[in-house]
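Undergrad: Okay, handing you the structure first.
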Amino acid sequence: MDELDKHRQEIDRLDAEILRLLNARAKEAMKIGEIKKELGKPLYVPSREKQIYERLSKINDGPLPFEAVRRVYREIISASLSLEKLQRIGYLGPEGTFTNLAAIKQFGLSAELIPMRSIPDVFDAVERGRLDYGIIPVENSLEGVVNHTLDMFAGSSIKICGEVYLEISQNLMNQSGRLEDVQRIYSHPHAIPQCRKWLSEHAADIPLYDVESTAKAAEIASKDAGAAAIASEMAEICYNLKIIERSIEDMPNNYTRFIIIGGFEPLPTGNDKTSMVFSITHKSGSLYKALEVFASKGINMTKIESRPSKKQAWEYVFYVDTDGHRDKEPLKAVIDEFAGNVTHFKVLGSYPKGEK
């Protein structure tokens with residue numbers, strides 16, 4: 001017992017020292033916040049946050065794995081930001097959605113996380129300054145892009161200033177936790193196809209219904225004893241449900257990419273991504289000629305997606321993601337040349353790459 005008490009006393013001493021240092025760190029963060037306010041600069045800077053994580057990763061000797069360290073510092077940074085100014089973050093609601101989880105992962109629990117009814121509502125609130133940032137889904141590794149998100153950029157001045165990847169695990173839940181009580185299953189139109197194999201093997205005779213979100217499905221199940229939802233574990237907690245079966249998705253490597261939207265572009269970090277939208281003349285070879293400059297300069301294009309322009313029938317705009325930051329070579333020079341080869345061009349944002 002003497003040996004046990006000795007280690008407990010040492011933990012108590014370390015806790016007191018950690019608390020002292022956390023408060024000292026918070027005071028420094030508040031001073032930085034005051035300077036930023038005087039200069040008119042944003043308080044939350046994704047590029048600076050990424051630098052903190054990268055530095056901690058290099059100096060971490062364990063035994064704590066870095067992912068655990070990262071989660072601790074996510075909350076330290078979140079709490080420090082709330083001392084400077086409570087960050088108002090809008091996400092595609094309701095509470096318990098995967099977007100809600102992505103918002104917590106990126107901004108921590110000290111931010112004010114505000115559920116919004118739709119993607120246009122998130123854009124509008126950020127543009128009007130009612131929110132500091134918004135977070136919305138843009139693509140899923142299995143189901144593809146969220147077209148509504150891409151279309152919103154056509155008439156918006158909002159910038160992409162970050163991205164978050166979240167592994168998606170789908171769970172079947174209801175009030176009792178028993179499959180035999182399920183008469184109807186509800187979920188988002190993307191979630192149901194992700195679980196086709198399990199559903200066909202275990203619930204082939206149960207009708208499936210699409211709703212606007214996995215959280216909405218959980219809400220329905222919380223009020224209807226015959227209903228079940230395919231949703232996140234967070235939805236289980238929020239709506240007081242019981243899980244019938246965990247991880248019923250067909251493919252294990254299922255990720256959704258979320259983008260953070262705001263009114264500024266982060267500084268380069270050395271590991272960045274740039275998103276752009278452009279249109280071209282409607283003639284043979286125009287797309288090839290426009291994109292050739294990226295290949296010739298060794299710029300890796302990680303994504304290209306076409307969408308109807310909605311201005312004239314059979315005209316399209318293209319959304320492109322590339323490696324690099326718009327203010328750093330070689331991408332800077334490529335963008336200047338590329339802009340002269342297309343009829344319309346806009347950089348949607350340069351921002352730190354999210355960790356998968």
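Numbering starts fresh at 1 for the residues of each chain in the structure tokens, the chains themselves are lettered A, B, ... in the order given, and ligands are numbered from 1 as they appear.
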Pull the alpha helix (DSSP H) assignments for region 143-305 of chain A out of DSSP run on the backbone, and list those residues as a PyMOL selection string.

TA: chain A and resi 147-152+196-202+214-223+233-238+286-296

Undergrad: Save the residues we just selected, N, CA, C and O atoms, as a short mmCIF file (atom, residue, chain, number, x, y, z; two decimals), in the first residue's frame?

TA:
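Resulting contents of result11.cif:
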data_model
loop_
_atom_site.label_atom_id
_atom_site.label_comp_id
_atom_site.auth_asym_id
_atom_site.auth_seq_id
_atom_site.Cartn_x
_atom_site.Cartn_y
_atom_site.Cartn_z
N ASN A 147 -24.14 16.40 -54.14
CA ASN A 147 -24.30 17.40 -55.20
C ASN A 147 -24.78 18.75 -54.67
O ASN A 147 -24.36 19.80 -55.17
N HIS A 148 -25.63 18.71 -53.68
CA HIS A 148 -26.20 19.96 -53.15
C HIS A 148 -25.10 20.86 -52.59
O HIS A 148 -25.14 22.08 -52.73
N THR A 149 -24.10 20.25 -51.96
CA THR A 149 -22.99 21.03 -51.41
C THR A 149 -22.21 21.71 -52.53
O THR A 149 -21.91 22.91 -52.45
N LEU A 150 -21.88 20.96 -53.58
CA LEU A 150 -21.13 21.55 -54.69
C LEU A 150 -21.92 22.68 -55.35
O LEU A 150 -21.36 23.74 -55.65
N ASP A 151 -23.21 22.47 -55.55
CA ASP A 151 -24.03 23.47 -56.22
C ASP A 151 -24.10 24.79 -55.44
O ASP A 151 -24.26 25.86 -56.04
N MET A 152 -23.97 24.73 -54.12
CA MET A 152 -24.08 25.94 -53.30
C MET A 152 -22.95 26.93 -53.56
O MET A 152 -23.10 28.13 -53.34
N ARG A 196 -26.86 -2.86 -47.51
CA ARG A 196 -27.73 -3.75 -48.27
C ARG A 196 -27.51 -5.23 -47.93
O ARG A 196 -28.47 -6.00 -47.79
N LYS A 197 -26.28 -5.64 -47.81
CA LYS A 197 -25.99 -7.06 -47.59
C LYS A 197 -26.57 -7.53 -46.27
O LYS A 197 -27.27 -8.56 -46.21
N TRP A 198 -26.32 -6.78 -45.19
CA TRP A 198 -26.82 -7.19 -43.88
C TRP A 198 -28.34 -7.16 -43.88
O TRP A 198 -28.99 -8.07 -43.36
N LEU A 199 -28.92 -6.12 -44.47
CA LEU A 199 -30.37 -6.00 -44.49
C LEU A 199 -31.03 -7.13 -45.28
O LEU A 199 -32.06 -7.67 -44.87
N SER A 200 -30.42 -7.52 -46.39
CA SER A 200 -31.00 -8.60 -47.20
C SER A 200 -30.91 -9.94 -46.49
O SER A 200 -31.77 -10.81 -46.68
N GLU A 201 -29.89 -10.12 -45.64
CA GLU A 201 -29.71 -11.39 -44.93
C GLU A 201 -30.54 -11.46 -43.65
O GLU A 201 -30.99 -12.54 -43.25
N HIS A 202 -30.74 -10.33 -42.98
CA HIS A 202 -31.36 -10.36 -41.65
C HIS A 202 -32.69 -9.62 -41.57
O HIS A 202 -33.43 -9.81 -40.58
N THR A 214 -29.76 10.46 -40.65
CA THR A 214 -29.74 9.30 -39.75
C THR A 214 -30.27 9.69 -38.38
O THR A 214 -30.90 8.88 -37.69
N ALA A 215 -30.03 10.93 -37.97
CA ALA A 215 -30.54 11.39 -36.67
C ALA A 215 -32.07 11.49 -36.69
O ALA A 215 -32.73 11.17 -35.69
N LYS A 216 -32.63 11.94 -37.81
CA LYS A 216 -34.09 11.98 -37.93
C LYS A 216 -34.66 10.57 -37.82
O LYS A 216 -35.71 10.36 -37.19
N ALA A 217 -33.98 9.60 -38.41
CA ALA A 217 -34.41 8.21 -38.30
C ALA A 217 -34.42 7.76 -36.83
O ALA A 217 -35.36 7.10 -36.38
N ALA A 218 -33.38 8.14 -36.10
CA ALA A 218 -33.30 7.79 -34.68
C ALA A 218 -34.42 8.47 -33.89
O ALA A 218 -35.00 7.87 -32.97
N GLU A 219 -34.74 9.70 -34.25
CA GLU A 219 -35.82 10.42 -33.57
C GLU A 219 -37.15 9.70 -33.79
O GLU A 219 -37.96 9.55 -32.86
N ILE A 220 -37.39 9.24 -35.03
CA ILE A 220 -38.62 8.50 -35.33
C ILE A 220 -38.67 7.23 -34.51
O ILE A 220 -39.71 6.88 -33.92
N ALA A 221 -37.55 6.50 -34.44
CA ALA A 221 -37.51 5.25 -33.69
C ALA A 221 -37.74 5.48 -32.20
O ALA A 221 -38.30 4.63 -31.51
N SER A 222 -37.32 6.64 -31.70
CA SER A 222 -37.50 6.93 -30.27
C SER A 222 -38.97 7.15 -29.92
O SER A 222 -39.34 7.05 -28.74
N LYS A 223 -39.82 7.42 -30.93
CA LYS A 223 -41.24 7.69 -30.69
C LYS A 223 -42.15 6.58 -31.18
O LYS A 223 -43.37 6.63 -30.97
N GLU A 233 -23.65 5.78 -33.33
CA GLU A 233 -23.71 5.52 -31.90
C GLU A 233 -24.10 6.78 -31.13
O GLU A 233 -24.73 6.71 -30.08
N MET A 234 -23.73 7.95 -31.67
CA MET A 234 -24.13 9.19 -31.02
C MET A 234 -25.63 9.37 -31.04
O MET A 234 -26.24 9.84 -30.08
N ALA A 235 -26.28 8.96 -32.14
CA ALA A 235 -27.74 9.04 -32.23
C ALA A 235 -28.38 8.10 -31.21
O ALA A 235 -29.42 8.43 -30.62
N GLU A 236 -27.75 6.96 -30.98
CA GLU A 236 -28.25 6.03 -29.96
C GLU A 236 -28.32 6.72 -28.59
O GLU A 236 -29.31 6.61 -27.86
N ILE A 237 -27.26 7.45 -28.27
CA ILE A 237 -27.20 8.14 -26.98
C ILE A 237 -28.19 9.30 -26.93
O ILE A 237 -28.93 9.46 -25.96
N CYS A 238 -28.21 10.11 -28.01
CA CYS A 238 -29.07 11.30 -28.03
C CYS A 238 -30.55 10.96 -27.91
O CYS A 238 -31.31 11.71 -27.30
N SER A 286 -11.52 20.82 -75.42
CA SER A 286 -11.36 21.98 -74.54
C SER A 286 -11.03 21.58 -73.10
O SER A 286 -10.22 22.24 -72.44
N LEU A 287 -11.62 20.49 -72.61
CA LEU A 287 -11.32 20.05 -71.25
C LEU A 287 -9.88 19.54 -71.15
O LEU A 287 -9.15 19.87 -70.21
N TYR A 288 -9.48 18.76 -72.15
CA TYR A 288 -8.10 18.24 -72.17
C TYR A 288 -7.09 19.38 -72.20
O TYR A 288 -6.12 19.39 -71.43
N LYS A 289 -7.32 20.36 -73.03
CA LYS A 289 -6.38 21.47 -73.16
C LYS A 289 -6.32 22.30 -71.88
O LYS A 289 -5.25 22.78 -71.48
N ALA A 290 -7.46 22.44 -71.20
CA ALA A 290 -7.48 23.22 -69.96
C ALA A 290 -6.71 22.52 -68.86
O ALA A 290 -5.94 23.15 -68.11
N LEU A 291 -6.87 21.20 -68.76
CA LEU A 291 -6.26 20.45 -67.65
C LEU A 291 -4.82 20.04 -67.93
O LEU A 291 -4.10 19.63 -67.00
N GLU A 292 -4.39 20.15 -69.17
CA GLU A 292 -3.04 19.71 -69.53
C GLU A 292 -1.97 20.41 -68.71
O GLU A 292 -0.93 19.82 -68.38
N VAL A 293 -2.20 21.66 -68.33
CA VAL A 293 -1.19 22.42 -67.60
C VAL A 293 -0.89 21.81 -66.23
O VAL A 293 0.24 21.86 -65.75
N PHE A 294 -1.89 21.18 -65.61
CA PHE A 294 -1.65 20.53 -64.31
C PHE A 294 -0.68 19.36 -64.46
O PHE A 294 0.25 19.20 -63.67
N ALA A 295 -0.91 18.54 -65.49
CA ALA A 295 -0.04 17.39 -65.71
C ALA A 295 1.37 17.83 -66.10
O ALA A 295 2.37 17.28 -65.63
N SER A 296 1.47 18.87 -66.94
CA SER A 296 2.78 19.31 -67.41
C SER A 296 3.64 19.87 -66.28
O SER A 296 4.86 19.82 -66.35
#

Undergrad: Near region 174-189 of chain A, counting only C-alpha atoms, which residues have an atom at most 7 Å away, once you skip same-chain residues fewer than 5 positions from it, shown as an NGL selection string?

TA: :A and (206-214 or 217 or 221-222 or 225-231 or 241-244)

Undergrad: Between CA of Ser232 (chain A) and CA of Asn140 (chain A), what is the spacing in Å?

TA: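 So the answer is 15.3 Å.
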
Undergrad: Using only C-alpha atoms, tabulate the residues of region 107-224 of chain A lying at most 9 Å from any atom of region 75-99 of chain A, each with its closest atom pair and that distance in Å to one decimal, by chain and increasing residue number, as a Markdown table.

TA:
| residue | atom | partner | partner_atom | distance |
| --- | --- | --- | --- | --- |
| A:Phe107 | CA | A:Ser78 | CA | 6.1 |
| A:Gly108 | CA | A:Glu75 | CA | 5.3 |
| A:Leu109 | CA | A:Glu75 | CA | 6.7 |
| A:Ser110 | CA | A:Ala79 | CA | 5.2 |
| A:Ala111 | CA | A:Gln87 | CA | 5.1 |
| A:Glu112 | CA | A:Arg88 | CA | 4.9 |
| A:Leu113 | CA | A:Ile89 | CA | 4.9 |
| A:Ile114 | CA | A:Gly90 | CA | 4.7 |
| A:Pro115 | CA | A:Gly93 | CA | 4.3 |
| A:Met116 | CA | A:Gly93 | CA | 5.1 |
| A:Arg117 | CA | A:Gly93 | CA | 5.9 |
| A:Ser118 | CA | A:Leu92 | CA | 5.9 |
| A:Ile119 | CA | A:Leu92 | CA | 6.2 |
| A:Asp121 | CA | A:Leu92 | CA | 8.6 |
| A:Val122 | CA | A:Gly90 | CA | 6.0 |
| A:Ala125 | CA | A:Gly90 | CA | 8.0 |
| A:Val126 | CA | A:Gly90 | CA | 8.0 |
| A:Arg130 | CA | A:Arg88 | CA | 8.0 |
| A:Leu131 | CA | A:Arg88 | CA | 5.2 |
| A:Asp132 | CA | A:Arg88 | CA | 5.3 |
| A:Tyr133 | CA | A:Ile89 | CA | 5.0 |
| A:Gly134 | CA | A:Gly90 | CA | 4.6 |
| A:Ile135 | CA | A:Tyr91 | CA | 5.0 |
| A:Ile136 | CA | A:Leu92 | CA | 6.0 |
| A:Pro137 | CA | A:Thr99 | CA | 6.8 |
| A:Leu166 | CA | A:Phe98 | CA | 8.0 |
| A:Ile168 | CA | A:Phe98 | CA | 7.6 |
| A:Ser213 | CA | A:Thr97 | CA | 6.8 |
| A:Thr214 | CA | A:Thr97 | CA | 6.0 |
| A:Ala215 | CA | A:Thr97 | CA | 5.0 |
| A:Lys216 | CA | A:Pro94 | CA | 7.0 |
| A:Ala218 | CA | A:Gly96 | CA | 8.5 |

Undergrad: Could you turn the residues from that selection into a file that holds N, CA, C and O atoms, as a compact mmCIF listing (two decimals), in the first residue's frame?

TA:
# COMPACT_ATOMS: atom_id res chain seq x y z
N PHE A 107 -13.85 20.80 -33.88
CA PHE A 107 -13.91 22.00 -33.06
C PHE A 107 -13.99 21.73 -31.56
O PHE A 107 -13.88 22.67 -30.77
N GLY A 108 -14.17 20.47 -31.15
CA GLY A 108 -14.21 20.16 -29.73
C GLY A 108 -15.54 20.51 -29.10
O GLY A 108 -16.43 21.09 -29.71
N LEU A 109 -15.66 20.16 -27.82
CA LEU A 109 -16.92 20.31 -27.11
C LEU A 109 -17.13 21.69 -26.51
O LEU A 109 -18.21 21.99 -26.02
N SER A 110 -16.10 22.53 -26.52
CA SER A 110 -16.25 23.87 -25.95
C SER A 110 -16.83 24.87 -26.94
O SER A 110 -17.24 25.96 -26.55
N ALA A 111 -16.86 24.51 -28.22
CA ALA A 111 -17.50 25.37 -29.22
C ALA A 111 -19.01 25.24 -29.10
O ALA A 111 -19.53 24.24 -28.58
N GLU A 112 -19.73 26.25 -29.56
CA GLU A 112 -21.19 26.18 -29.60
C GLU A 112 -21.58 25.56 -30.94
O GLU A 112 -21.48 26.20 -31.99
N LEU A 113 -22.02 24.32 -30.89
CA LEU A 113 -22.37 23.58 -32.10
C LEU A 113 -23.87 23.71 -32.33
O LEU A 113 -24.67 23.31 -31.50
N ILE A 114 -24.23 24.29 -33.50
CA ILE A 114 -25.62 24.66 -33.76
C ILE A 114 -26.16 23.84 -34.93
O ILE A 114 -25.67 23.97 -36.06
N PRO A 115 -27.15 22.98 -34.69
CA PRO A 115 -27.73 22.20 -35.81
C PRO A 115 -28.54 23.09 -36.73
O PRO A 115 -29.30 23.95 -36.29
N MET A 116 -28.36 22.90 -38.03
CA MET A 116 -29.08 23.65 -39.05
C MET A 116 -29.94 22.69 -39.86
O MET A 116 -29.62 21.50 -40.01
N ARG A 117 -31.03 23.22 -40.43
CA ARG A 117 -32.00 22.36 -41.11
C ARG A 117 -31.51 21.87 -42.48
O ARG A 117 -31.94 20.80 -42.95
N SER A 118 -30.65 22.64 -43.14
CA SER A 118 -30.26 22.29 -44.50
C SER A 118 -28.87 22.85 -44.81
O SER A 118 -28.36 23.74 -44.11
N ILE A 119 -28.28 22.36 -45.90
CA ILE A 119 -26.99 22.87 -46.35
C ILE A 119 -27.09 24.34 -46.75
O ILE A 119 -26.23 25.14 -46.37
N ASP A 121 -28.99 26.56 -45.47
CA ASP A 121 -29.07 27.31 -44.21
C ASP A 121 -27.70 27.52 -43.60
O ASP A 121 -27.41 28.59 -43.04
N VAL A 122 -26.83 26.51 -43.71
CA VAL A 122 -25.46 26.64 -43.18
C VAL A 122 -24.71 27.72 -43.96
O VAL A 122 -24.09 28.62 -43.38
N ALA A 125 -26.10 31.30 -43.12
CA ALA A 125 -25.74 31.80 -41.78
C ALA A 125 -24.27 32.19 -41.71
O ALA A 125 -23.91 33.17 -41.04
N VAL A 126 -23.41 31.46 -42.41
CA VAL A 126 -21.98 31.81 -42.42
C VAL A 126 -21.77 33.10 -43.20
O VAL A 126 -21.04 34.00 -42.77
N ARG A 130 -23.66 35.11 -38.95
CA ARG A 130 -24.34 34.57 -37.77
C ARG A 130 -23.58 33.39 -37.19
O ARG A 130 -23.74 33.05 -36.02
N LEU A 131 -22.78 32.74 -38.03
CA LEU A 131 -21.92 31.64 -37.61
C LEU A 131 -20.48 31.99 -37.94
O LEU A 131 -20.21 32.67 -38.93
N ASP A 132 -19.56 31.51 -37.10
CA ASP A 132 -18.14 31.69 -37.42
C ASP A 132 -17.71 30.73 -38.53
O ASP A 132 -16.94 31.10 -39.42
N TYR A 133 -18.20 29.50 -38.46
CA TYR A 133 -17.88 28.49 -39.47
C TYR A 133 -19.06 27.56 -39.63
O TYR A 133 -19.95 27.47 -38.78
N GLY A 134 -19.06 26.86 -40.75
CA GLY A 134 -20.03 25.81 -40.98
C GLY A 134 -19.31 24.53 -41.36
O GLY A 134 -18.18 24.58 -41.87
N ILE A 135 -19.93 23.40 -41.11
CA ILE A 135 -19.34 22.13 -41.52
C ILE A 135 -20.44 21.29 -42.17
O ILE A 135 -21.54 21.14 -41.63
N ILE A 136 -20.15 20.81 -43.38
CA ILE A 136 -21.15 20.12 -44.19
C ILE A 136 -20.49 18.95 -44.93
O ILE A 136 -19.30 18.99 -45.24
N PRO A 137 -21.26 17.89 -45.23
CA PRO A 137 -20.69 16.77 -45.99
C PRO A 137 -20.52 17.14 -47.46
O PRO A 137 -21.35 17.86 -48.03
N LEU A 166 -14.28 11.38 -41.62
CA LEU A 166 -14.87 10.63 -40.51
C LEU A 166 -15.23 9.24 -41.00
O LEU A 166 -15.90 9.08 -42.01
N ILE A 168 -17.33 6.08 -41.16
CA ILE A 168 -18.76 5.91 -40.94
C ILE A 168 -19.07 4.47 -40.56
O ILE A 168 -18.77 3.54 -41.31
N SER A 213 -32.08 12.47 -42.57
CA SER A 213 -30.81 12.26 -41.87
C SER A 213 -30.91 11.00 -41.02
O SER A 213 -32.01 10.55 -40.68
N THR A 214 -29.76 10.46 -40.65
CA THR A 214 -29.74 9.30 -39.75
C THR A 214 -30.27 9.69 -38.38
O THR A 214 -30.90 8.88 -37.69
N ALA A 215 -30.03 10.93 -37.97
CA ALA A 215 -30.54 11.39 -36.67
C ALA A 215 -32.07 11.49 -36.69
O ALA A 215 -32.73 11.17 -35.69
N LYS A 216 -32.63 11.94 -37.81
CA LYS A 216 -34.09 11.98 -37.93
C LYS A 216 -34.66 10.57 -37.82
O LYS A 216 -35.71 10.36 -37.19
N ALA A 218 -33.38 8.14 -36.10
CA ALA A 218 -33.30 7.79 -34.68
C ALA A 218 -34.42 8.47 -33.89
O ALA A 218 -35.00 7.87 -32.97
